[in-house]
$ cat upload01.pdb   # PDB, C-alpha atoms, pLDDT in the B column
ATOM      1  CA  MET P 138       0.000   0.000   0.000  1.00 35.00           C
ATOM      2  CA  ALA P 139       1.335   3.439  -0.869  1.00 41.00           C
ATOM      3  CA  ALA P 140       2.449   5.600   2.060  1.00 43.00           C
ATOM      4  CA  GLU P 141      -0.155   8.309   1.386  1.00 49.00           C
ATOM      5  CA  HIS P 142      -2.845   5.644   1.709  1.00 59.00           C
ATOM      6  CA  SER P 143      -1.675   4.624   5.183  1.00 79.00           C
ATOM      7  CA  VAL P 144      -1.249   8.024   6.846  1.00 91.00           C
ATOM      8  CA  PRO P 145      -4.421   9.197   8.586  1.00 96.00           C
ATOM      9  CA  ALA P 146      -5.927  12.535   7.668  1.00 95.00           C
ATOM     10  CA  ARG P 147      -4.647  15.468   9.718  1.00 95.00           C
ATOM     11  CA  LEU P 148      -8.211  16.138  10.855  1.00 97.00           C
ATOM     12  CA  VAL P 149      -8.573  12.669  12.379  1.00 98.00           C
ATOM     13  CA  LYS P 150      -5.295  13.001  14.275  1.00 98.00           C
ATOM     14  CA  GLN P 151      -6.209  16.500  15.448  1.00 97.00           C
ATOM     15  CA  TYR P 152      -9.643  15.455  16.746  1.00 98.00           C
ATOM     16  CA  LEU P 153      -8.597  12.129  18.294  1.00 98.00           C
ATOM     17  CA  PRO P 154      -9.319  13.321  21.880  1.00 98.00           C
ATOM     18  CA  GLU P 155     -12.814  14.486  20.903  1.00 98.00           C
ATOM     19  CA  ILE P 156     -13.526  11.258  19.028  1.00 98.00           C
ATOM     20  CA  ARG P 157     -12.316   9.197  21.965  1.00 97.00           C
ATOM     21  CA  ALA P 158     -14.551  11.241  24.310  1.00 97.00           C
ATOM     22  CA  VAL P 159     -17.770  10.613  22.321  1.00 97.00           C
ATOM     23  CA  VAL P 160     -17.343   6.910  21.574  1.00 97.00           C
ATOM     24  CA  ARG P 161     -19.603   5.006  23.951  1.00 94.00           C
ATOM     25  CA  ASN P 162     -21.778   2.217  22.557  1.00 94.00           C
ATOM     26  CA  HIS P 163     -21.843   2.491  18.775  1.00 97.00           C
ATOM     27  CA  GLY P 164     -18.289   3.094  17.595  1.00 97.00           C
ATOM     28  CA  VAL P 165     -17.104   5.006  14.554  1.00 98.00           C
ATOM     29  CA  LEU P 166     -18.252   4.606  10.962  1.00 98.00           C
ATOM     30  CA  ASP P 167     -15.426   5.024   8.434  1.00 98.00           C
ATOM     31  CA  LEU P 168     -17.692   5.583   5.426  1.00 98.00           C
ATOM     32  CA  ALA P 169     -16.271   4.771   1.979  1.00 97.00           C
ATOM     33  CA  CYS P 170     -13.114   3.856   3.870  1.00 97.00           C
ATOM     34  CA  GLY P 171     -10.955   2.839   0.888  1.00 95.00           C
ATOM     35  CA  SER P 172      -7.558   1.893   2.340  1.00 93.00           C
ATOM     36  CA  GLY P 173      -8.963   2.388   5.835  1.00 96.00           C
ATOM     37  CA  ARG P 174      -6.221   4.812   6.833  1.00 96.00           C
ATOM     38  CA  ASN P 175      -8.423   6.856   9.165  1.00 97.00           C
ATOM     39  CA  GLY P 176     -10.264   3.980  10.791  1.00 96.00           C
ATOM     40  CA  LEU P 177      -7.056   2.001  11.202  1.00 95.00           C
ATOM     41  CA  PHE P 178      -5.547   4.942  13.054  1.00 95.00           C
ATOM     42  CA  LEU P 179      -8.541   4.985  15.422  1.00 96.00           C
ATOM     43  CA  ALA P 180      -8.518   1.189  15.822  1.00 94.00           C
ATOM     44  CA  GLY P 181      -4.859   1.525  16.769  1.00 92.00           C
ATOM     45  CA  HIS P 182      -6.091   3.704  19.640  1.00 94.00           C
ATOM     46  CA  ASN P 183      -8.561   1.022  20.786  1.00 93.00           C
ATOM     47  CA  ILE P 184     -11.577   2.767  19.284  1.00 95.00           C
ATOM     48  CA  PRO P 185     -14.169   0.431  17.703  1.00 96.00           C
ATOM     49  CA  VAL P 186     -14.561   1.111  13.984  1.00 97.00           C
ATOM     50  CA  CYS P 187     -16.943  -0.062  11.294  1.00 97.00           C
ATOM     51  CA  PHE P 188     -15.090   0.037   7.964  1.00 97.00           C
ATOM     52  CA  ALA P 189     -17.619   0.467   5.143  1.00 98.00           C
ATOM     53  CA  ASP P 190     -16.779   0.352   1.444  1.00 97.00           C
ATOM     54  CA  ILE P 191     -18.198  -0.940  -1.815  1.00 97.00           C
ATOM     55  CA  GLU P 192     -14.943  -2.703  -2.767  1.00 97.00           C
ATOM     56  CA  PRO P 193     -14.394  -6.139  -1.219  1.00 97.00           C
ATOM     57  CA  SER P 194     -10.690  -5.917  -2.095  1.00 96.00           C
ATOM     58  CA  ALA P 195     -10.346  -2.698  -0.075  1.00 96.00           C
ATOM     59  CA  LEU P 196     -11.968  -4.360   2.929  1.00 96.00           C
ATOM     60  CA  GLU P 197      -9.705  -7.397   2.544  1.00 95.00           C
ATOM     61  CA  LYS P 198      -6.672  -5.104   2.755  1.00 94.00           C
ATOM     62  CA  VAL P 199      -8.113  -3.405   5.833  1.00 95.00           C
ATOM     63  CA  ALA P 200      -8.712  -6.822   7.421  1.00 93.00           C
ATOM     64  CA  ALA P 201      -5.125  -7.831   6.701  1.00 92.00           C
ATOM     65  CA  ARG P 202      -3.827  -4.657   8.329  1.00 91.00           C
ATOM     66  CA  LEU P 203      -6.087  -5.142  11.348  1.00 90.00           C
ATOM     67  CA  GLY P 204      -4.994  -8.698  11.945  1.00 81.00           C
ATOM     68  CA  ALA P 205      -6.959 -11.327  13.846  1.00 65.00           C
ATOM     69  CA  SER P 206      -6.473  -9.698  17.239  1.00 62.00           C
ATOM     70  CA  ASP P 207      -8.774  -6.707  16.666  1.00 67.00           C
ATOM     71  CA  ARG P 208     -12.262  -7.918  17.530  1.00 71.00           C
ATOM     72  CA  SER P 209     -13.768  -4.429  17.887  1.00 81.00           C
ATOM     73  CA  ALA P 210     -13.509  -3.706  14.154  1.00 93.00           C
ATOM     74  CA  LYS P 211     -16.280  -4.564  11.721  1.00 95.00           C
ATOM     75  CA  LEU P 212     -16.051  -4.789   7.940  1.00 96.00           C
ATOM     76  CA  TRP P 213     -19.140  -3.837   5.955  1.00 97.00           C
ATOM     77  CA  GLN P 214     -19.257  -4.285   2.186  1.00 97.00           C
ATOM     78  CA  VAL P 215     -21.992  -1.878   1.068  1.00 96.00           C
ATOM     79  CA  ASP P 216     -23.031   0.265  -1.881  1.00 95.00           C
ATOM     80  CA  PHE P 217     -24.136   3.615  -0.448  1.00 96.00           C
ATOM     81  CA  GLU P 218     -25.224   4.752  -3.897  1.00 94.00           C
ATOM     82  CA  GLU P 219     -27.553   1.890  -4.809  1.00 92.00           C
ATOM     83  CA  PRO P 220     -30.859   3.449  -5.897  1.00 88.00           C
ATOM     84  CA  ASP P 221     -33.744   3.086  -3.463  1.00 87.00           C
ATOM     85  CA  SER P 222     -31.540   1.541  -0.797  1.00 89.00           C
ATOM     86  CA  ARG P 223     -31.200   2.848   2.741  1.00 94.00           C
ATOM     87  CA  PRO P 224     -28.075   1.145   4.067  1.00 95.00           C
ATOM     88  CA  LEU P 225     -27.800   3.388   7.137  1.00 96.00           C
ATOM     89  CA  ALA P 226     -31.433   2.985   8.212  1.00 94.00           C
ATOM     90  CA  GLY P 227     -31.656   1.797  11.791  1.00 94.00           C
ATOM     91  CA  LYS P 228     -27.914   2.085  12.385  1.00 97.00           C
ATOM     92  CA  LYS P 229     -26.294   4.310  15.040  1.00 98.00           C
ATOM     93  CA  PHE P 230     -22.748   5.589  15.357  1.00 98.00           C
ATOM     94  CA  ASP P 231     -20.956   7.749  17.928  1.00 98.00           C
ATOM     95  CA  ALA P 232     -18.794   9.325  15.232  1.00 98.00           C
ATOM     96  CA  ILE P 233     -18.701   9.283  11.444  1.00 98.00           C
ATOM     97  CA  LEU P 234     -15.708   9.863   9.177  1.00 98.00           C
ATOM     98  CA  VAL P 235     -16.208  10.799   5.526  1.00 98.00           C
ATOM     99  CA  PHE P 236     -13.119  11.646   3.478  1.00 97.00           C
ATOM    100  CA  ASN P 237     -12.795  12.197  -0.273  1.00 95.00           C
ATOM    101  CA  TYR P 238     -16.327  11.004  -0.912  1.00 96.00           C
ATOM    102  CA  LEU P 239     -19.533  12.809  -1.808  1.00 95.00           C
ATOM    103  CA  HIS P 240     -22.980  11.359  -2.395  1.00 95.00           C
ATOM    104  CA  ARG P 241     -25.479  14.094  -1.617  1.00 95.00           C
ATOM    105  CA  PRO P 242     -28.516  11.794  -1.175  1.00 94.00           C
ATOM    106  CA  LEU P 243     -26.705  10.218   1.791  1.00 96.00           C
ATOM    107  CA  ILE P 244     -26.590  13.424   3.875  1.00 96.00           C
ATOM    108  CA  PRO P 245     -30.003  12.985   5.576  1.00 96.00           C
ATOM    109  CA  ALA P 246     -29.045   9.429   6.561  1.00 96.00           C
ATOM    110  CA  LEU P 247     -25.749  10.653   8.044  1.00 97.00           C
ATOM    111  CA  ARG P 248     -27.646  13.221  10.091  1.00 97.00           C
ATOM    112  CA  GLU P 249     -30.015  10.522  11.306  1.00 96.00           C
ATOM    113  CA  CYS P 250     -27.596   7.727  12.210  1.00 97.00           C
ATOM    114  CA  LEU P 251     -25.223   9.858  14.285  1.00 97.00           C
ATOM    115  CA  VAL P 252     -26.162   9.760  17.981  1.00 97.00           C
ATOM    116  CA  GLU P 253     -26.875  12.940  19.920  1.00 97.00           C
ATOM    117  CA  GLY P 254     -23.561  14.470  20.944  1.00 97.00           C
ATOM    118  CA  GLY P 255     -21.797  12.454  18.231  1.00 98.00           C
ATOM    119  CA  LEU P 256     -19.115  13.873  15.939  1.00 98.00           C
ATOM    120  CA  LEU P 257     -19.022  14.120  12.175  1.00 98.00           C
ATOM    121  CA  LEU P 258     -15.655  14.645  10.472  1.00 98.00           C
ATOM    122  CA  TYR P 259     -16.199  15.341   6.792  1.00 98.00           C
ATOM    123  CA  GLU P 260     -13.577  16.406   4.253  1.00 97.00           C
ATOM    124  CA  THR P 261     -13.826  16.297   0.486  1.00 96.00           C
ATOM    125  CA  PHE P 262     -13.120  18.247  -2.681  1.00 95.00           C
ATOM    126  CA  THR P 263     -14.662  21.539  -3.759  1.00 93.00           C
ATOM    127  CA  VAL P 264     -15.548  22.687  -7.288  1.00 90.00           C
ATOM    128  CA  ALA P 265     -12.190  24.455  -7.549  1.00 90.00           C
ATOM    129  CA  GLN P 266     -10.547  21.005  -7.600  1.00 92.00           C
ATOM    130  CA  ALA P 267     -11.540  20.634 -11.253  1.00 89.00           C
ATOM    131  CA  ASN P 268      -8.926  23.308 -12.050  1.00 90.00           C
ATOM    132  CA  VAL P 269      -6.026  21.319 -10.602  1.00 91.00           C
ATOM    133  CA  GLY P 270      -6.878  17.632 -10.970  1.00 88.00           C
ATOM    134  CA  ARG P 271      -9.319  14.859 -10.241  1.00 92.00           C
ATOM    135  CA  PRO P 272     -12.135  14.560  -9.504  1.00 89.00           C
ATOM    136  CA  ARG P 273     -13.554  16.914 -12.113  1.00 91.00           C
ATOM    137  CA  ASN P 274     -17.143  15.705 -12.225  1.00 90.00           C
ATOM    138  CA  PRO P 275     -19.296  18.315 -10.412  1.00 89.00           C
ATOM    139  CA  THR P 276     -21.367  15.488  -8.905  1.00 90.00           C
ATOM    140  CA  PHE P 277     -18.366  14.736  -6.672  1.00 92.00           C
ATOM    141  CA  LEU P 278     -17.422  18.347  -5.869  1.00 93.00           C
ATOM    142  CA  LEU P 279     -18.840  20.618  -3.192  1.00 89.00           C
ATOM    143  CA  GLN P 280     -20.115  24.084  -3.963  1.00 94.00           C
ATOM    144  CA  PRO P 281     -18.833  26.908  -1.710  1.00 94.00           C
ATOM    145  CA  ALA P 282     -20.289  26.607   1.814  1.00 95.00           C
ATOM    146  CA  GLU P 283     -22.367  23.552   0.803  1.00 95.00           C
ATOM    147  CA  LEU P 284     -20.943  21.271   3.478  1.00 96.00           C
ATOM    148  CA  ARG P 285     -21.458  23.851   6.226  1.00 96.00           C
ATOM    149  CA  GLU P 286     -25.017  24.507   5.047  1.00 97.00           C
ATOM    150  CA  TRP P 287     -26.010  20.837   5.480  1.00 96.00           C
ATOM    151  CA  PHE P 288     -25.014  20.972   9.148  1.00 97.00           C
ATOM    152  CA  ARG P 289     -25.701  24.638   9.964  1.00 96.00           C
ATOM    153  CA  ASP P 290     -27.980  23.656  12.870  1.00 96.00           C
ATOM    154  CA  TRP P 291     -25.251  21.544  14.526  1.00 97.00           C
ATOM    155  CA  GLU P 292     -22.393  22.758  16.702  1.00 97.00           C
ATOM    156  CA  ILE P 293     -19.639  23.542  14.191  1.00 97.00           C
ATOM    157  CA  LEU P 294     -16.207  22.881  15.704  1.00 98.00           C
ATOM    158  CA  LEU P 295     -14.279  23.416  12.458  1.00 97.00           C
ATOM    159  CA  ASP P 296     -15.288  24.783   9.079  1.00 97.00           C
ATOM    160  CA  VAL P 297     -12.537  25.341   6.524  1.00 96.00           C
ATOM    161  CA  GLU P 298     -12.459  25.643   2.758  1.00 95.00           C
ATOM    162  CA  GLY P 299      -8.956  25.808   1.432  1.00 93.00           C
ATOM    163  CA  PHE P 300      -6.138  24.772  -0.855  1.00 95.00           C
ATOM    164  CA  GLU P 301      -3.075  22.615  -0.268  1.00 90.00           C
ATOM    165  CA  ALA P 302      -0.230  22.766  -2.757  1.00 89.00           C
ATOM    166  CA  SER P 303       1.266  19.289  -2.414  1.00 86.00           C
ATOM    167  CA  PRO P 304      -0.484  17.413  -3.820  1.00 87.00           C
ATOM    168  CA  PRO P 305      -2.654  20.206  -5.189  1.00 90.00           C
ATOM    169  CA  ARG P 306      -6.171  19.976  -3.841  1.00 93.00           C
ATOM    170  CA  HIS P 307      -9.083  22.258  -3.083  1.00 94.00           C
ATOM    171  CA  PHE P 308     -11.099  20.952  -0.160  1.00 94.00           C
ATOM    172  CA  ALA P 309     -13.736  21.645   2.451  1.00 96.00           C
ATOM    173  CA  SER P 310     -13.381  20.309   6.002  1.00 97.00           C
ATOM    174  CA  LEU P 311     -16.076  20.209   8.638  1.00 98.00           C
ATOM    175  CA  VAL P 312     -16.166  18.891  12.166  1.00 98.00           C
ATOM    176  CA  ALA P 313     -19.613  19.107  13.731  1.00 98.00           C
ATOM    177  CA  ARG P 314     -21.315  17.814  16.850  1.00 98.00           C
ATOM    178  CA  LYS P 315     -24.947  16.712  16.671  1.00 97.00           C
ATOM    179  CA  PRO P 316     -26.828  18.558  19.401  1.00 95.00           C
ATOM    180  CA  ALA P 317     -29.060  16.844  21.938  1.00 87.00           C
ATOM    181  CA  GLY P 318     -32.694  16.697  20.914  1.00 77.00           C
ATOM    182  CA  GLN P 319     -31.723  17.110  17.249  1.00 58.00           C
ATOM    183  CA  VAL P 320     -34.300  16.051  14.725  1.00 55.00           C
ATOM    184  CA  PRO P 321     -32.595  14.573  11.645  1.00 53.00           C
TER     185      PRO P 321
END

$ encode --input "upload01.pdb" --output "structure tokens"
Amino acid sequence: MAAEHSVPARLVKQYLPEIRAVVRNHGVLDLACGSGRNGLFLAGHNIPVCFADIEPSALEKVAARLGASDRSAKLWQVDFEEPDSRPLAGKKFDAILVFNYLHRPLIPALRECLVEGGLLLYETFTVAQANVGRPRNPTFLLQPAELREWFRDWEILLDVEGFEASPPRHFASLVARKPAGQVP
């Protein structure tokens, strides 16, 4: 696995204490986990993680990196984009990680399956990314302030839209806490 696919996102490392503080009964969902870099980092800190991805081969690699000793991790092969499916219905998580993935119809389900007081860490590309590289399809790119707008009624701990030069990427990052008594 390439080194960049094994290093956790800066945001996950930065918010480790907050993630650890909210994890009680439901663990963390690493949604569209790919190489599992973020969830593996948390699992390495004894935080239960559900690794979810459409690709069985990605989950096999995560399983290999976890080893047989980690019983708190779950692997979930799932297509979050399957029409008319509701894969998150009835599920609950203490924290949710979403990195480099955007499927707008999933946002209401994310709002619903996070427990009260739970944390959402979301980081993906903005429309400006099309000027410097992939993805270029606007379906996978956030409009300015779009991510913040979806969670405007939550406690926003971090809201950044920016650019990093190496590798070049335009991104939006959000860390939000679901308030108590929040209706999805």

$ resolve_selection --input "upload01.pdb" --expression "the PyMOL selection byres ((chain P and resi 165-181) around 7)" --output "mmCIF file with C-alpha atoms, keeping the file's coordinate frame"
data_model
loop_
_atom_site.group_PDB
_atom_site.id
_atom_site.type_symbol
_atom_site.label_atom_id
_atom_site.label_comp_id
_atom_site.auth_asym_id
_atom_site.auth_seq_id
_atom_site.Cartn_x
_atom_site.Cartn_y
_atom_site.Cartn_z
ATOM 1 C CA HIS P 142 -2.845 5.644 1.709
ATOM 2 C CA SER P 143 -1.675 4.624 5.183
ATOM 3 C CA VAL P 144 -1.249 8.024 6.846
ATOM 4 C CA PRO P 145 -4.421 9.197 8.586
ATOM 5 C CA ALA P 146 -5.927 12.535 7.668
ATOM 6 C CA VAL P 149 -8.573 12.669 12.379
ATOM 7 C CA HIS P 163 -21.843 2.491 18.775
ATOM 8 C CA GLY P 164 -18.289 3.094 17.595
ATOM 9 C CA HIS P 182 -6.091 3.704 19.640
ATOM 10 C CA ASN P 183 -8.561 1.022 20.786
ATOM 11 C CA ILE P 184 -11.577 2.767 19.284
ATOM 12 C CA PRO P 185 -14.169 0.431 17.703
ATOM 13 C CA VAL P 186 -14.561 1.111 13.984
ATOM 14 C CA CYS P 187 -16.943 -0.062 11.294
ATOM 15 C CA PHE P 188 -15.090 0.037 7.964
ATOM 16 C CA ALA P 189 -17.619 0.467 5.143
ATOM 17 C CA ASP P 190 -16.779 0.352 1.444
ATOM 18 C CA ALA P 195 -10.346 -2.698 -0.075
ATOM 19 C CA VAL P 199 -8.113 -3.405 5.833
ATOM 20 C CA PHE P 230 -22.748 5.589 15.357
ATOM 21 C CA ASP P 231 -20.956 7.749 17.928
ATOM 22 C CA ALA P 232 -18.794 9.325 15.232
ATOM 23 C CA ILE P 233 -18.701 9.283 11.444
ATOM 24 C CA LEU P 234 -15.708 9.863 9.177
ATOM 25 C CA VAL P 235 -16.208 10.799 5.526
ATOM 26 C CA TYR P 238 -16.327 11.004 -0.912
#

$ residues_around --input "upload01.pdb" --residues "Ala265 of chain P" --least-positions-apart "2" --cutoff "12 Å" --atoms "all atoms listed in the file" --output "count of residues only"
26

$ atom_distance --input "upload01.pdb" --atom1 "atom CA of Asn237 of chain P" --atom2 "atom CA of Glu260 of chain P"
6.2 Å

$ atom_distance --input "upload01.pdb" --atom1 "atom CA of Trp287 of chain P" --atom2 "atom CA of Glu218 of chain P"
18.6 Å

$ resolve_selection --input "upload01.pdb" --expression "the PyMOL selection byres ((chain P and resi 216) around 10)" --output "list of chain:residue names"
P:Ala169, P:Ala189, P:Asp190, P:Ile191, P:Glu192, P:Trp213, P:Gln214, P:Val215, P:Phe217, P:Glu218, P:Glu219, P:Pro220, P:Ser222, P:Arg223, P:Pro224

$ closest_residue --input "upload01.pdb" --among "P:Arg161, P:Lys198, P:Arg241, P:Arg289" --to "Lys229 of chain P" --atoms "only C-alpha atoms"
P:Arg161

$ atom_distance --input "upload01.pdb" --atom1 "atom CA of Lys150 of chain P" --atom2 "atom CA of Arg314 of chain P"
16.9 Å

$ build_atoms --input "upload01.pdb" --residues "segment 224-235 of chain P" --atoms "N, CA and C atoms" --output "tab-separated table (two decimals), in the coordinates of the input"
chain	number	residue	atom	x	y	z
P	224	PRO	N	-28.99	1.99	3.30
P	224	PRO	CA	-28.08	1.14	4.07
P	224	PRO	C	-27.83	1.62	5.50
P	225	LEU	N	-28.04	2.89	5.78
P	225	LEU	CA	-27.80	3.39	7.14
P	225	LEU	C	-29.06	3.37	8.01
P	226	ALA	N	-30.18	3.01	7.45
P	226	ALA	CA	-31.43	2.98	8.21
P	226	ALA	C	-31.31	2.06	9.42
P	227	GLY	N	-31.69	2.58	10.57
P	227	GLY	CA	-31.66	1.80	11.79
P	227	GLY	C	-30.29	1.65	12.43
P	228	LYS	N	-29.26	2.19	11.83
P	228	LYS	CA	-27.91	2.08	12.38
P	228	LYS	C	-27.61	3.33	13.21
P	229	LYS	N	-26.72	3.20	14.19
P	229	LYS	CA	-26.29	4.31	15.04
P	229	LYS	C	-24.78	4.27	15.18
P	230	PHE	N	-24.19	5.47	15.17
P	230	PHE	CA	-22.75	5.59	15.36
P	230	PHE	C	-22.46	6.78	16.27
P	231	ASP	N	-21.38	6.66	17.05
P	231	ASP	CA	-20.96	7.75	17.93
P	231	ASP	C	-20.19	8.81	17.15
P	232	ALA	N	-19.53	8.40	16.09
P	232	ALA	CA	-18.79	9.32	15.23
P	232	ALA	C	-18.81	8.77	13.81
P	233	ILE	N	-18.73	9.68	12.85
P	233	ILE	CA	-18.70	9.28	11.44
P	233	ILE	C	-17.57	10.03	10.76
P	234	LEU	N	-16.79	9.30	9.98
P	234	LEU	CA	-15.71	9.86	9.18
P	234	LEU	C	-16.09	9.73	7.71
P	235	VAL	N	-15.99	10.84	6.98
P	235	VAL	CA	-16.21	10.80	5.53
P	235	VAL	C	-15.08	11.62	4.90
